[in-house]
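Visitor: Just dropping this structure here.
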Amino acid sequence: MSSEPAPPSPWRVEGAEAVVTEGDFLGLPCLVKRRPVKGYRHPALDQRLRKERLRTEVRLLAEARRAGVRTPVVLDLDLASSTLVLERLEGPTLAEVLERTAPGDEERGAKVERWGHALGRLHACGISHGDLTASNVLWCEGDVALLDLSLGSRAPGLEEMGVDLHLVSEDLNTLCPDREALVQRFVRGYREAYPSGGEAALLRAKEIEGRVRYA
Ligand SMILES: Nc1ncnc2c1ncn2[C@@H]1O[C@H](COP(=O)(O)OP(=O)(O)OP(=O)(O)O)[C@@H](O)[C@H]1O
Ligand SMILES: [Mg+2]
């Protein structure tokens, strides 16, 4: 890498795949996201998966941003150590927002509607997210930013878009007593941003919900 990030600060998140720490990159606040080797996977498979996810994440973060969906800028990457250096965005995740606000709060609904809008825009520009939980969305400078696109895909079919929508609905179900009102706000934002194909994707999400329920 062209510049070594500063030593990790006490802020550190260890997800299922990645370890995320705060740092400093050429004077800019950054986030260093590293996918450590997973000993339980075959070494060749592990290396392939880590590289693929990193590449996908970098490509889709940039493409989404070009299509007008806020995502962190990629500042640097190192395929050999599966490390990504991202612009650090300030703000709580939507999971934190939902935890801290009360059902019925207008701001809460408005933020979820912007979340729906961002997904609609992402789908309209031909990208699916693949892991759209409220922890992968930040509320930053008055709008949402999407994170963690490593499981996303380009030119998604209806099924992938339906799965994105279904995952959001499941996540809201787990996090919120006012789930129904929030799903409605989400869908309103989604439809507005994706008038040409949103209806078909929403229909597919309903089908998926039925399949999961009666499986
Ligand atoms: N650019 C960023 N700016 C601010 N906070 C971020 C940024 N990227 C990640 N975060 C924070 O770090 C957390 C974990 O990041 P991320 O979701 O990218 O990793 P992960 O879920 O462990 O990774 P993966 O699922 O790709 O293996 C996020 O939920 C968010 O709180
Ligand atoms: Mg994540």
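If you're wondering about the labels, chains in the structure tokens are A, B, ... by order shown, residues count from 1 in each chain, ligands from 1 in order shown.
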Tell me, as a PDB file with C-alpha atoms, in the first residue's frame, which residues lie within 8 Å of A:Leu54, counting only C-alpha atoms; anything in the same chain fewer than 5 positions away does not count.
Guide:
```pdb
ATOM      1  CA  LEU A  79      -5.256  -7.818  -2.302  1.00  0.00           C
ATOM      2  CA  SER A  82      -7.220  -8.630   1.876  1.00  0.00           C
ATOM      3  CA  THR A  83      -7.186  -5.125   3.273  1.00  0.00           C
ATOM      4  CA  LEU A  84      -9.371  -2.236   2.232  1.00  0.00           C
ATOM      5  CA  SER A 150     -19.024  -7.557  -0.814  1.00  0.00           C
TER       6      SER A 150
END
```
Visitor: Excluding stretch 199-213 of chain A and any residue of its chain fewer than 2 positions from it, enumerate the residues within 10 Å of it, using only C-alpha atoms, and give them as a ChimeraX atom specification.
Guide: /A:120,123,157-167,169-170,187,190-191,194-197,215
Visitor: I'd like to know which of A:Gly39, A:Trp115, A:Glu192, A:Arg70 is closest to A:Glu141, using only C-alpha atoms.
Guide: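 That would be A:Arg70, the residue with the smallest distance to A:Glu141.
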Visitor: Using only C-alpha atoms and all ligand atoms, which residues have at least one atom no more than 9 Å from ligand 1? Output them as number ranges by chain.
Guide: A: 12-22, 30-35, 53-54, 57, 71-74, 85-93, 95, 131, 134-138, 145-151
Visitor: Apply DSSP to the structure's backbone, then extract all residues of chain A labelled alpha helix (DSSP H) and return them as JSON, numbers by chain.
Guide: {"A": [43, 44, 45, 46, 47, 48, 49, 50, 51, 52, 53, 54, 55, 56, 57, 58, 59, 60, 61, 62, 63, 64, 65, 66, 94, 95, 96, 97, 98, 99, 100, 106, 107, 108, 109, 110, 111, 112, 113, 114, 115, 116, 117, 118, 119, 120, 121, 122, 123, 124, 158, 159, 160, 161, 162, 163, 164, 165, 166, 167, 168, 169, 170, 171, 172, 173, 174, 175, 179, 180, 181, 182, 183, 184, 185, 186, 187, 188, 189, 190, 191, 192, 193, 198, 199, 200, 201, 202, 203, 204, 205, 206, 207, 208, 209, 210, 211, 212, 213, 214]}
Visitor: Find the residues near A:Glu63: any atom within 12 Å, counting only C-alpha atoms, skip ones fewer than 2 places away on the same chain, and give them as a list in words.
Guide: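 Near neighbours after the sequence-gap exclusion: Thr56, Glu57, Val58, Arg59, Leu60, Leu61, Arg65, Arg66, Ala67, Gly68, Val69, Arg70, Thr71, Pro72, Val73, Val74, Arg121, Leu122, His123, Cys125, Gly126, Ile127, Ser128, His129, Leu149, Gly152, Ser153, Arg154 and Ala155 of chain A.
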Visitor: Could you please determine the separation between atom CA of A:Pro156 and atom CA of A:Leu132 in Å, to one decimal place?
Guide: 14.5 Å
Visitor: For each of A:Ala124, A:Glu107, A:Ala102, A:Leu94, take the minimum atom-to-atom distance to A:Cys140, counting only C-alpha atoms, then give the residue where this is smallest.
Guide: A:Leu94
Visitor: Taking the chain letters and numbering used in this document, name the residues of stretch 20-211 of chain A that DSSP puts in strand (DSSP E or B), as a PyMOL selection string.
Guide: chain A and resi 20-25+28-34+74-78+83-87+93+127-128+137-140+143-146+153-154
Visitor: So which one's closest to ligand 2, A:Pro29, A:Gly189, A:Gly198, A:Gly130? Using only C-alpha atoms and all ligand atoms, please.
Guide: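 Closest residue, counting only C-alpha atoms and all ligand atoms: A:Gly130.
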Visitor: Between A:His117, A:Thr101, A:Arg55, A:Thr133, single out the one closest to ligand 2, counting only C-alpha atoms and all ligand atoms.
Guide: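 Using only C-alpha atoms and all ligand atoms, the shortest distance to ligand 2 belongs to A:Thr133.
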